[in-house]
>>> print(open('upload.txt').read())   # compact mmCIF, C-alpha atoms
# COMPACT_ATOMS: atom_id res chain seq x y z
CA MET A 1036 0.00 0.00 0.00
CA ARG A 1037 1.29 3.43 -0.98
CA TYR A 1038 0.24 6.12 1.53
CA ILE A 1039 -0.02 9.79 0.55
CA LEU A 1040 -0.68 12.70 2.92
CA ALA A 1041 -2.41 15.50 0.98
CA SER A 1042 -1.13 18.26 3.27
CA ALA A 1043 1.94 20.49 3.47
CA SER A 1044 1.58 20.96 7.25
CA PRO A 1045 4.74 19.92 9.11
CA ARG A 1046 2.58 19.28 12.19
CA ARG A 1047 0.42 16.76 10.32
CA LYS A 1048 3.53 15.11 8.93
CA GLU A 1049 4.94 14.65 12.46
CA LEU A 1050 1.66 13.22 13.72
CA LEU A 1051 1.21 10.76 10.85
CA ALA A 1052 4.81 9.60 11.34
CA LEU A 1053 3.81 8.41 14.85
CA THR A 1054 1.86 5.55 13.21
CA GLY A 1055 5.08 4.10 11.84
CA ILE A 1056 3.72 3.90 8.27
CA ASP A 1057 5.83 5.05 5.35
CA PHE A 1058 4.12 7.83 3.45
CA GLU A 1059 4.73 10.53 0.88
CA ILE A 1060 3.54 14.11 0.97
CA ILE A 1061 1.68 15.56 -2.02
CA PRO A 1062 0.03 18.81 -0.89
CA SER A 1063 -3.35 19.61 -2.36
CA SER A 1064 -3.64 22.89 -4.22
CA VAL A 1065 -7.38 22.69 -4.64
CA GLU A 1066 -9.38 25.90 -4.41
CA GLU A 1067 -11.56 25.31 -1.37
CA LYS A 1068 -15.30 25.46 -2.03
CA ILE A 1069 -17.45 25.62 1.06
CA THR A 1070 -21.12 24.77 0.55
CA LYS A 1071 -21.88 23.79 4.15
CA SER A 1072 -22.22 25.88 7.31
CA ALA A 1073 -21.95 23.54 10.33
CA PRO A 1074 -18.29 23.27 11.39
CA ARG A 1075 -18.27 19.47 11.26
CA ASP A 1076 -19.67 19.50 7.72
CA VAL A 1077 -17.22 22.18 6.57
CA VAL A 1078 -14.10 20.29 7.72
CA MET A 1079 -15.33 17.02 6.19
CA GLU A 1080 -16.15 18.77 2.92
CA LEU A 1081 -12.74 20.44 2.71
CA ALA A 1082 -10.84 17.28 3.73
CA SER A 1083 -12.69 15.40 1.01
CA GLN A 1084 -11.90 18.05 -1.62
CA LYS A 1085 -8.19 17.90 -0.73
CA ALA A 1086 -8.08 14.11 -0.84
CA TRP A 1087 -9.89 13.88 -4.22
CA ASP A 1088 -7.66 16.65 -5.62
CA VAL A 1089 -4.50 14.68 -4.88
CA TYR A 1090 -6.03 11.32 -5.77
CA GLY A 1091 -7.13 12.71 -9.14
CA SER A 1092 -3.70 14.16 -9.86
CA LEU A 1093 -1.94 10.81 -9.60
CA PRO A 1094 -0.91 9.18 -12.88
CA PRO A 1095 -2.88 6.02 -13.73
CA ALA A 1096 -0.95 3.28 -11.96
CA GLY A 1097 -2.16 -0.15 -12.97
CA GLY A 1098 -2.79 -2.37 -9.99
CA GLU A 1099 -1.05 -0.24 -7.37
CA ASP A 1100 -2.89 0.05 -4.04
CA ILE A 1101 -3.08 3.65 -2.85
CA THR A 1102 -4.38 5.47 0.23
CA VAL A 1103 -4.70 9.27 0.15
CA ILE A 1104 -5.34 11.19 3.39
CA GLY A 1105 -6.79 14.72 3.35
CA ALA A 1106 -7.42 16.85 6.45
CA ASP A 1107 -8.78 20.25 7.38
CA THR A 1108 -8.87 21.96 10.79
CA ILE A 1109 -10.99 24.88 11.98
CA VAL A 1110 -11.76 26.55 15.27
CA ALA A 1111 -15.36 27.37 16.16
CA TYR A 1112 -16.80 29.53 18.90
CA ASN A 1113 -20.56 29.59 19.40
CA GLY A 1114 -20.90 27.96 15.99
CA GLU A 1115 -18.93 30.74 14.29
CA ILE A 1116 -15.95 29.49 12.29
CA LEU A 1117 -12.50 30.99 12.82
CA GLY A 1118 -9.91 30.19 10.18
CA LYS A 1119 -6.33 31.46 9.96
CA PRO A 1120 -5.99 35.17 10.85
CA ALA A 1121 -5.19 37.44 7.91
CA ASP A 1122 -2.88 39.62 10.02
CA LYS A 1123 -1.84 40.46 13.59
CA ALA A 1124 -4.90 42.64 14.18
CA GLU A 1125 -7.19 39.72 13.37
CA ALA A 1126 -5.08 37.45 15.58
CA TYR A 1127 -5.65 39.86 18.50
CA ASP A 1128 -9.39 39.82 17.82
CA MET A 1129 -9.61 36.03 17.66
CA LEU A 1130 -7.58 35.42 20.81
CA SER A 1131 -9.48 38.11 22.73
CA LEU A 1132 -12.70 36.35 21.75
CA LEU A 1133 -11.43 32.93 22.85
CA ALA A 1134 -9.74 33.99 26.13
CA ASP A 1135 -11.37 32.77 29.36
CA ARG A 1136 -13.86 30.71 27.34
CA THR A 1137 -14.33 27.24 25.83
CA HIS A 1138 -14.28 26.74 22.07
CA GLN A 1139 -14.27 23.77 19.71
CA VAL A 1140 -11.59 22.52 17.36
CA TYR A 1141 -12.79 20.38 14.46
CA THR A 1142 -10.56 18.36 12.18
CA GLY A 1143 -12.10 16.58 9.23
CA VAL A 1144 -10.22 13.66 7.71
CA SER A 1145 -10.93 11.98 4.41
CA ILE A 1146 -9.34 8.68 3.41
CA ILE A 1147 -9.57 7.60 -0.24
CA LYS A 1148 -8.36 4.06 -0.76
CA LYS A 1149 -7.85 2.23 -4.02
CA LYS A 1150 -7.46 -1.48 -3.45
CA LYS A 1151 -7.73 -4.27 -6.02
CA GLY A 1152 -9.16 -1.75 -8.47
CA ALA A 1153 -12.03 -0.59 -6.20
CA THR A 1154 -12.08 2.96 -4.79
CA LEU A 1155 -13.52 3.56 -1.33
CA GLN A 1156 -13.84 6.81 0.62
CA ASN A 1157 -14.15 7.20 4.40
CA THR A 1158 -14.64 10.71 5.77
CA PHE A 1159 -15.04 11.59 9.46
CA TYR A 1160 -14.36 14.37 11.94
CA GLU A 1161 -13.16 14.72 15.52
CA LYS A 1162 -14.14 17.52 17.87
CA THR A 1163 -12.10 18.69 20.85
CA ASP A 1164 -13.24 21.28 23.41
CA VAL A 1165 -10.47 23.69 24.43
CA THR A 1166 -10.69 26.05 27.41
CA PHE A 1167 -8.34 29.04 27.72
CA TYR A 1168 -7.35 30.82 30.91
CA PRO A 1169 -7.93 34.59 30.93
CA ILE A 1170 -5.06 36.22 29.00
CA SER A 1171 -3.57 39.56 30.03
CA ARG A 1172 -3.02 42.30 27.41
CA GLN A 1173 0.71 41.97 27.97
CA ALA A 1174 0.72 38.19 27.45
CA LEU A 1175 -1.48 38.55 24.36
CA HIS A 1176 0.94 41.11 22.94
CA VAL A 1177 3.96 38.86 23.53
CA TYR A 1178 2.26 35.95 21.78
CA VAL A 1179 0.84 37.78 18.76
CA GLU A 1180 4.07 39.67 18.11
CA SER A 1181 5.96 36.34 18.10
CA GLY A 1182 4.26 35.61 14.76
CA ASP A 1183 3.21 32.12 15.91
CA PRO A 1184 -0.57 32.74 15.33
CA LEU A 1185 -0.40 33.65 11.66
CA ASP A 1186 -0.50 30.22 9.99
CA LYS A 1187 -2.88 28.66 12.49
CA ALA A 1188 -6.67 28.28 12.64
CA GLY A 1189 -7.99 30.30 15.60
CA ALA A 1190 -4.65 32.15 15.81
CA TYR A 1191 -2.92 29.78 18.22
CA GLY A 1192 -0.82 26.64 18.28
CA ILE A 1193 -1.48 24.42 21.28
CA GLN A 1194 1.90 22.70 21.01
CA GLY A 1195 4.11 25.80 21.44
CA PRO A 1196 4.46 28.73 23.86
CA PHE A 1197 0.71 29.29 23.84
CA ALA A 1198 0.39 26.14 26.01
CA ILE A 1199 0.68 28.34 29.12
CA HIS A 1200 -2.79 29.76 28.33
CA ILE A 1201 -4.58 26.40 28.00
CA LYS A 1202 -6.67 25.45 31.02
CA GLU A 1203 -7.98 22.13 29.77
CA ILE A 1204 -9.08 20.19 26.74
CA HIS A 1205 -11.70 17.50 26.27
CA GLY A 1206 -11.11 15.18 23.33
CA GLU A 1207 -8.06 14.17 21.35
CA TYR A 1208 -5.02 16.47 21.76
CA SER A 1209 -3.55 15.71 18.33
CA ASN A 1210 -6.86 16.80 16.83
CA VAL A 1211 -6.12 20.33 18.06
CA VAL A 1212 -2.62 20.14 16.57
CA GLY A 1213 -4.23 19.29 13.21
CA LEU A 1214 -4.68 15.52 12.78
CA PRO A 1215 -6.55 13.20 15.19
CA ILE A 1216 -3.94 10.48 15.03
CA GLY A 1217 -5.62 7.98 17.39
CA ARG A 1218 -8.86 8.07 15.42
CA LEU A 1219 -7.05 8.08 12.06
CA TYR A 1220 -4.89 5.08 13.04
CA HIS A 1221 -8.02 3.10 13.88
CA GLU A 1222 -9.90 4.18 10.75
CA LEU A 1223 -6.94 3.12 8.59
CA GLY A 1224 -7.17 -0.37 10.07
CA ILE A 1225 -3.41 -0.90 10.07
CA MET B 1294 14.33 35.98 40.76
CA ARG B 1295 16.39 32.80 40.33
CA TYR B 1296 14.25 29.84 39.17
CA ILE B 1297 15.27 26.25 39.83
CA LEU B 1298 13.54 23.15 38.48
CA ALA B 1299 14.10 20.26 40.90
CA SER B 1300 13.73 17.56 38.23
CA ALA B 1301 16.01 15.77 35.78
CA SER B 1302 13.11 15.04 33.37
CA PRO B 1303 13.82 16.39 29.88
CA ARG B 1304 10.06 16.57 29.31
CA ARG B 1305 9.55 18.85 32.32
CA LYS B 1306 12.47 20.99 31.15
CA GLU B 1307 10.85 21.42 27.71
CA LEU B 1308 7.51 22.34 29.25
CA LEU B 1309 8.91 24.87 31.71
CA ALA B 1310 10.87 26.48 28.86
CA LEU B 1311 7.50 27.33 27.21
CA THR B 1312 6.94 29.98 29.90
CA GLY B 1313 9.94 31.92 28.64
CA ILE B 1314 11.53 32.14 32.10
CA ASP B 1315 15.23 31.45 32.56
CA PHE B 1316 15.78 28.58 34.94
CA GLU B 1317 18.40 26.15 36.15
CA ILE B 1318 18.01 22.43 36.75
CA ILE B 1319 19.08 20.92 40.06
CA PRO B 1320 17.58 17.43 40.27
CA SER B 1321 16.41 16.28 43.67
CA SER B 1322 18.00 13.09 44.97
CA VAL B 1323 15.69 12.80 47.96
CA GLU B 1324 14.60 9.35 49.03
CA GLU B 1325 10.85 9.45 48.52
CA LYS B 1326 8.78 8.80 51.65
CA ILE B 1327 5.10 8.18 51.02
CA THR B 1328 2.84 8.55 54.06
CA LYS B 1329 -0.38 9.22 52.14
CA SER B 1330 -2.60 6.94 50.07
CA ALA B 1331 -4.88 9.10 47.90
CA PRO B 1332 -3.16 9.80 44.54
CA ARG B 1333 -3.57 13.59 44.84
CA ASP B 1334 -2.00 13.57 48.31
CA VAL B 1335 0.87 11.32 47.21
CA VAL B 1336 1.93 13.54 44.29
CA MET B 1337 1.73 16.70 46.41
CA GLU B 1338 3.75 15.05 49.20
CA LEU B 1339 6.47 13.87 46.79
CA ALA B 1340 6.59 17.18 44.92
CA SER B 1341 7.02 18.97 48.23
CA GLN B 1342 9.80 16.61 49.36
CA LYS B 1343 11.69 17.20 46.10
CA ALA B 1344 11.33 20.98 46.32
CA TRP B 1345 12.47 21.13 49.96
CA ASP B 1346 15.38 18.80 49.20
CA VAL B 1347 16.76 21.12 46.53
CA TYR B 1348 15.88 24.29 48.43
CA GLY B 1349 17.72 22.98 51.50
CA SER B 1350 20.79 22.03 49.47
CA LEU B 1351 21.37 25.59 48.23
CA PRO B 1352 24.20 27.52 49.86
CA PRO B 1353 23.05 30.43 52.05
CA ALA B 1354 22.77 33.30 49.60
CA GLY B 1355 22.10 36.57 51.35
CA GLY B 1356 19.24 38.50 49.85
CA GLU B 1357 18.84 36.49 46.64
CA ASP B 1358 15.25 35.76 45.62
CA ILE B 1359 14.78 32.10 44.74
CA THR B 1360 11.92 29.95 43.41
CA VAL B 1361 12.28 26.15 43.48
CA ILE B 1362 9.78 23.97 41.57
CA GLY B 1363 9.31 20.29 42.43
CA ALA B 1364 6.95 17.93 40.61
CA ASP B 1365 5.81 14.33 40.72
CA THR B 1366 3.55 12.42 38.32
CA ILE B 1367 1.66 9.18 38.83
CA VAL B 1368 -1.00 7.23 36.99
CA ALA B 1369 -3.99 5.89 38.90
CA TYR B 1370 -6.63 3.39 37.88
CA ASN B 1371 -9.56 2.79 40.21
CA GLY B 1372 -7.60 4.57 42.93
CA GLU B 1373 -4.65 2.18 42.56
CA ILE B 1374 -1.34 3.93 41.90
CA LEU B 1375 0.85 2.88 38.98
CA GLY B 1376 4.41 4.19 39.00
CA LYS B 1377 7.20 3.41 36.53
CA PRO B 1378 7.29 -0.24 35.46
CA ALA B 1379 10.23 -2.23 36.81
CA ASP B 1380 10.61 -4.18 33.57
CA LYS B 1381 8.90 -5.07 30.29
CA ALA B 1382 6.68 -7.67 31.95
CA GLU B 1383 5.29 -5.05 34.30
CA ALA B 1384 4.85 -2.64 31.39
CA TYR B 1385 2.71 -5.28 29.63
CA ASP B 1386 0.61 -5.71 32.77
CA MET B 1387 0.06 -1.99 33.26
CA LEU B 1388 -0.87 -1.29 29.64
CA SER B 1389 -3.18 -4.33 29.51
CA LEU B 1390 -4.94 -2.97 32.59
CA LEU B 1391 -5.32 0.52 31.11
CA ALA B 1392 -6.34 -0.48 27.55
CA ASP B 1393 -9.94 0.32 26.53
CA ARG B 1394 -10.49 2.15 29.84
CA THR B 1395 -10.21 5.60 31.43
CA HIS B 1396 -7.56 6.31 34.06
CA GLN B 1397 -6.27 9.39 35.86
CA VAL B 1398 -2.91 11.12 35.65
CA TYR B 1399 -1.97 13.24 38.66
CA THR B 1400 0.92 15.66 38.77
CA GLY B 1401 1.72 17.39 42.04
CA VAL B 1402 3.71 20.62 41.90
CA SER B 1403 5.33 22.37 44.82
CA ILE B 1404 6.68 25.92 44.56
CA ILE B 1405 8.99 27.16 47.32
CA LYS B 1406 9.71 30.85 47.03
CA LYS B 1407 12.16 32.92 49.07
CA LYS B 1408 11.51 36.61 48.58
CA LYS B 1409 12.80 39.48 50.70
CA GLY B 1410 13.89 36.93 53.30
CA ALA B 1411 10.47 35.27 53.70
CA THR B 1412 9.89 31.69 52.56
CA LEU B 1413 6.51 30.68 51.14
CA GLN B 1414 5.33 27.33 49.82
CA ASN B 1415 2.50 26.67 47.40
CA THR B 1416 1.64 23.06 46.59
CA PHE B 1417 -1.14 21.92 44.26
CA TYR B 1418 -2.07 19.11 41.87
CA GLU B 1419 -3.75 18.74 38.50
CA LYS B 1420 -5.73 15.70 37.40
CA THR B 1421 -6.30 14.64 33.79
CA ASP B 1422 -8.54 11.78 32.68
CA VAL B 1423 -7.05 9.70 29.86
CA THR B 1424 -8.99 7.16 27.79
CA PHE B 1425 -7.20 4.51 25.73
CA TYR B 1426 -8.54 2.70 22.70
CA PRO B 1427 -8.46 -1.10 22.89
CA ILE B 1428 -4.88 -2.21 22.09
CA SER B 1429 -4.14 -5.38 20.11
CA ARG B 1430 -1.52 -7.85 21.39
CA GLN B 1431 0.61 -7.06 18.35
CA ALA B 1432 0.47 -3.28 18.93
CA LEU B 1433 1.21 -3.76 22.64
CA HIS B 1434 4.23 -5.89 21.75
CA VAL B 1435 5.58 -3.28 19.31
CA TYR B 1436 5.26 -0.53 21.91
CA VAL B 1437 6.70 -2.37 24.93
CA GLU B 1438 9.64 -3.75 22.96
CA SER B 1439 10.49 -0.20 21.81
CA GLY B 1440 11.61 0.49 25.39
CA ASP B 1441 9.59 3.71 25.55
CA PRO B 1442 7.49 2.64 28.60
CA LEU B 1443 10.35 1.96 31.01
CA ASP B 1444 11.00 5.44 32.43
CA LYS B 1445 7.36 6.52 32.47
CA ALA B 1446 4.60 6.36 35.09
CA GLY B 1447 1.86 4.02 33.86
CA ALA B 1448 4.26 2.63 31.23
CA TYR B 1449 3.40 5.07 28.44
CA GLY B 1450 4.36 8.46 27.08
CA ILE B 1451 1.47 10.40 25.58
CA GLN B 1452 3.76 12.58 23.46
CA GLY B 1453 5.38 9.79 21.39
CA PRO B 1454 4.30 6.81 19.29
CA PHE B 1455 1.81 5.74 21.96
CA ALA B 1456 -0.38 8.67 20.86
CA ILE B 1457 -2.11 6.37 18.35
CA HIS B 1458 -3.72 4.54 21.30
CA ILE B 1459 -5.18 7.63 23.00
CA LYS B 1460 -8.90 8.09 22.42
CA GLU B 1461 -9.35 11.28 24.44
CA ILE B 1462 -8.22 13.22 27.45
CA HIS B 1463 -10.05 15.56 29.80
CA GLY B 1464 -7.87 18.12 31.57
CA GLU B 1465 -4.50 19.62 30.82
CA TYR B 1466 -2.38 17.75 28.24
CA SER B 1467 0.97 18.91 29.62
CA ASN B 1468 -0.09 17.46 32.98
CA VAL B 1469 0.03 14.00 31.37
CA VAL B 1470 3.47 14.74 29.93
CA GLY B 1471 4.67 15.58 33.46
CA LEU B 1472 4.13 19.25 34.31
CA PRO B 1473 0.81 21.16 34.11
CA ILE B 1474 2.34 24.21 32.49
CA GLY B 1475 -0.83 26.33 32.20
CA ARG B 1476 -1.65 25.90 35.88
CA LEU B 1477 2.00 26.34 36.93
CA TYR B 1478 2.38 29.54 34.88
CA HIS B 1479 -0.63 31.02 36.64
CA GLU B 1480 0.45 29.87 40.12
CA LEU B 1481 3.88 31.45 39.57
CA GLY B 1482 2.18 34.79 38.89
CA ILE B 1483 4.70 35.83 36.23
>>> encode(input="upload.txt", output="structure tokens")
Amino acid sequence: MRYILASASPRRKELLALTGIDFEIIPSSVEEKITKSAPRDVVMELASQKAWDVYGSLPPAGGEDITVIGADTIVAYNGEILGKPADKAEAYDMLSLLADRTHQVYTGVSIIKKKKGATLQNTFYEKTDVTFYPISRQALHVYVESGDPLDKAGAYGIQGPFAIHIKEIHGEYSNVVGLPIGRLYHELGI
Amino acid sequence: MRYILASASPRRKELLALTGIDFEIIPSSVEEKITKSAPRDVVMELASQKAWDVYGSLPPAGGEDITVIGADTIVAYNGEILGKPADKAEAYDMLSLLADRTHQVYTGVSIIKKKKGATLQNTFYEKTDVTFYPISRQALHVYVESGDPLDKAGAYGIQGPFAIHIKEIHGEYSNVVGLPIGRLYHELGI
């Protein structure tokens, strides 16, 4: 079986490596088209688009067995979706909204498997609740100016210096990092 | 303020570094004396012993302000305490017990602070619930034979390849790694 991760995220690469499987990375360059509104539906739709994009770009390969994995992560507060902040000002806004409150992180994962000529798709999502401590203006400034928020949904990375502001989570930790590796490992059936 | 971490654990060192404070490491070599039985009391007692051990070993230093941080982590299932496994056989037993179930990870932290000549102690604990997926005999074998369980309470490390067996947690993630860095950051008042 040839495994392909359809994501350029170094964090997803690290997480998938924990399974011990050998895999390649072919990032999707699909233009995301959102037709859904519920966070769980949005992440599954986008994960599926990424997986099909990469699957469809592969050259026809006879009898080769292939598994393509697509993923998408968003942060939601009160049902409102927060993506990656466009700039530092938006990062301040997002983190001020999330401070001292509980929000949800959704990661959708789509697995497209070609085996013995048949193509099967399995798409699912994981949700993790994340609760922040209150964050002082000074601490917020230090974090936003570090530049860490800019490539991250919800404007924070749980695995770096922002960890000091996390009070608790409920769900899978790796899901917040960007790939629910426990769930994915079990869905892959390896 | 001079900060001292009374632990040789590289994982605790990494977590404390997330706060951005400069600190030294002076591992405690105290012989642990457990007089309590409840997991939360045990980890606070041991954390306190470690902090006092290192604090007491420091040369008298005039008016220098000092903060010493001690920590101890255990795993508990049904109120029974699981420490570090003595060997691979015990690692198998512990992980077989924990598989497909929810257990608790307790970390006790003790902060001893000398400031303007006065000495204050603040000791607390954090609890995180951890739920494992079922684990196949083959997967258990792969993990135990890797040697990863041997220096870890409960015979697993949540931050490495064992992550594929974690279904969910409830509480602070860093607490399971060995130091509840969000709680500690707030207790330090920095």
>>> interface_residues(input="upload.txt", of="chain B", to="chain A", cutoff="9 Å", atoms="all atoms listed in the file", output="count of residues only")
29
>>> atom_distance(input="upload.txt", atom1="CA of Lys1407 (chain B)", atom2="CA of Ser1300 (chain B)")
18.9 Å
>>> atom_distance(input="upload.txt", atom1="CA of Ile1405 (chain B)", atom2="CA of Val1469 (chain B)")
22.5 Å
>>> atom_distance(input="upload.txt", atom1="CA of Ile1061 (chain A)", atom2="CA of Val1078 (chain A)")
19.1 Å
>>> closest_residue(input="upload.txt", among="B:Leu1443, B:Ala1299, B:Ala1411, B:Val1398", to="Asp1380 (chain B)", atoms="all atoms listed in the file")
B:Leu1443
>>> residues_around(input="upload.txt", residues="region 1381-1387 of chain B", least_positions_apart="5", cutoff="9 Å", atoms="all atoms listed in the file", output="list in words")
Leu1375, Ala1392, Leu1433, His1434, Val1437, Glu1438, Gly1440, Pro1442, Leu1443, Gly1447, Ala1448 and Tyr1449 of chain B
>>> closest_residue(input="upload.txt", among="B:Ser1321, B:Ser1302, B:Ser1389, B:Thr1395", to="Ser1341 (chain B)", atoms="all atoms listed in the file")
B:Ser1321
>>> closest_residue(input="upload.txt", among="B:Lys1408, B:Lys1377, B:Leu1481, B:Ala1340", to="Gly1356 (chain B)", atoms="all atoms listed in the file")
B:Lys1408
>>> closest_residue(input="upload.txt", among="A:Lys1048, A:Arg1037, A:Lys1071, A:Arg1136", to="Ile1116 (chain A)", atoms="all atoms listed in the file")
A:Lys1071
>>> decode(input="upload.txt", residues="region 1052-1072 of chain A", atoms="N, CA, C and O atoms", output="mmCIF file, in the first residue's frame")
data_model
loop_
_atom_site.group_PDB
_atom_site.id
_atom_site.type_symbol
_atom_site.label_atom_id
_atom_site.label_comp_id
_atom_site.auth_asym_id
_atom_site.auth_seq_id
_atom_site.Cartn_x
_atom_site.Cartn_y
_atom_site.Cartn_z
ATOM 1 N N ALA A 1052 3.598 10.415 11.171
ATOM 2 C CA ALA A 1052 4.813 9.598 11.341
ATOM 3 C C ALA A 1052 4.739 8.742 12.608
ATOM 4 O O ALA A 1052 5.387 7.697 12.694
ATOM 5 N N LEU A 1053 3.938 9.175 13.601
ATOM 6 C CA LEU A 1053 3.808 8.409 14.853
ATOM 7 C C LEU A 1053 3.200 7.024 14.611
ATOM 8 O O LEU A 1053 3.376 6.117 15.420
ATOM 9 N N THR A 1054 2.474 6.854 13.500
ATOM 10 C CA THR A 1054 1.856 5.549 13.208
ATOM 11 C C THR A 1054 2.889 4.522 12.746
ATOM 12 O O THR A 1054 2.611 3.327 12.740
ATOM 13 N N GLY A 1055 4.057 5.019 12.325
ATOM 14 C CA GLY A 1055 5.083 4.104 11.840
ATOM 15 C C GLY A 1055 4.923 3.744 10.370
ATOM 16 O O GLY A 1055 5.754 3.022 9.826
ATOM 17 N N ILE A 1056 3.871 4.225 9.698
ATOM 18 C CA ILE A 1056 3.724 3.902 8.275
ATOM 19 C C ILE A 1056 4.628 4.796 7.439
ATOM 20 O O ILE A 1056 4.945 5.918 7.816
ATOM 21 N N ASP A 1057 5.076 4.244 6.310
ATOM 22 C CA ASP A 1057 5.831 5.045 5.348
ATOM 23 C C ASP A 1057 4.841 5.785 4.472
ATOM 24 O O ASP A 1057 3.887 5.185 3.974
ATOM 25 N N PHE A 1058 5.060 7.071 4.295
ATOM 26 C CA PHE A 1058 4.124 7.830 3.452
ATOM 27 C C PHE A 1058 4.863 8.940 2.719
ATOM 28 O O PHE A 1058 5.945 9.352 3.107
ATOM 29 N N GLU A 1059 4.219 9.382 1.640
ATOM 30 C CA GLU A 1059 4.731 10.530 0.879
ATOM 31 C C GLU A 1059 3.837 11.725 1.161
ATOM 32 O O GLU A 1059 2.696 11.562 1.572
ATOM 33 N N ILE A 1060 4.348 12.905 0.847
ATOM 34 C CA ILE A 1060 3.538 14.112 0.969
ATOM 35 C C ILE A 1060 3.309 14.710 -0.410
ATOM 36 O O ILE A 1060 4.267 14.985 -1.139
ATOM 37 N N ILE A 1061 2.051 14.844 -0.789
ATOM 38 C CA ILE A 1061 1.684 15.560 -2.021
ATOM 39 C C ILE A 1061 0.619 16.573 -1.615
ATOM 40 O O ILE A 1061 -0.556 16.229 -1.497
ATOM 41 N N PRO A 1062 1.010 17.826 -1.373
ATOM 42 C CA PRO A 1062 0.030 18.811 -0.891
ATOM 43 C C PRO A 1062 -1.042 19.074 -1.943
ATOM 44 O O PRO A 1062 -0.749 19.127 -3.139
ATOM 45 N N SER A 1063 -2.262 19.231 -1.481
ATOM 46 C CA SER A 1063 -3.353 19.612 -2.364
ATOM 47 C C SER A 1063 -3.264 21.104 -2.647
ATOM 48 O O SER A 1063 -2.920 21.902 -1.786
ATOM 49 N N SER A 1064 -3.591 21.472 -3.884
ATOM 50 C CA SER A 1064 -3.637 22.891 -4.223
ATOM 51 C C SER A 1064 -5.046 23.264 -4.677
ATOM 52 O O SER A 1064 -5.256 24.196 -5.431
ATOM 53 N N VAL A 1065 -6.002 22.470 -4.212
ATOM 54 C CA VAL A 1065 -7.379 22.693 -4.640
ATOM 55 C C VAL A 1065 -7.887 24.044 -4.110
ATOM 56 O O VAL A 1065 -7.512 24.476 -3.012
ATOM 57 N N GLU A 1066 -8.712 24.695 -4.883
ATOM 58 C CA GLU A 1066 -9.377 25.904 -4.406
ATOM 59 C C GLU A 1066 -10.573 25.467 -3.572
ATOM 60 O O GLU A 1066 -11.485 24.804 -4.071
ATOM 61 N N GLU A 1067 -10.547 25.825 -2.281
ATOM 62 C CA GLU A 1067 -11.563 25.307 -1.368
ATOM 63 C C GLU A 1067 -12.933 25.901 -1.680
ATOM 64 O O GLU A 1067 -13.078 27.102 -1.865
ATOM 65 N N LYS A 1068 -13.929 25.017 -1.774
ATOM 66 C CA LYS A 1068 -15.304 25.465 -2.034
ATOM 67 C C LYS A 1068 -16.184 25.010 -0.892
ATOM 68 O O LYS A 1068 -16.454 23.820 -0.745
ATOM 69 N N ILE A 1069 -16.626 25.968 -0.093
ATOM 70 C CA ILE A 1069 -17.453 25.622 1.061
ATOM 71 C C ILE A 1069 -18.918 25.796 0.718
ATOM 72 O O ILE A 1069 -19.365 26.887 0.346
ATOM 73 N N THR A 1070 -19.682 24.700 0.804
ATOM 74 C CA THR A 1070 -21.123 24.774 0.547
ATOM 75 C C THR A 1070 -21.914 24.503 1.815
ATOM 76 O O THR A 1070 -23.129 24.579 1.823
ATOM 77 N N LYS A 1071 -21.220 24.142 2.887
ATOM 78 C CA LYS A 1071 -21.876 23.791 4.153
ATOM 79 C C LYS A 1071 -21.714 24.941 5.147
ATOM 80 O O LYS A 1071 -20.947 25.875 4.925
ATOM 81 N N SER A 1072 -22.388 24.845 6.291
ATOM 82 C CA SER A 1072 -22.220 25.879 7.310
ATOM 83 C C SER A 1072 -21.839 25.321 8.685
ATOM 84 O O SER A 1072 -21.094 25.943 9.427
#
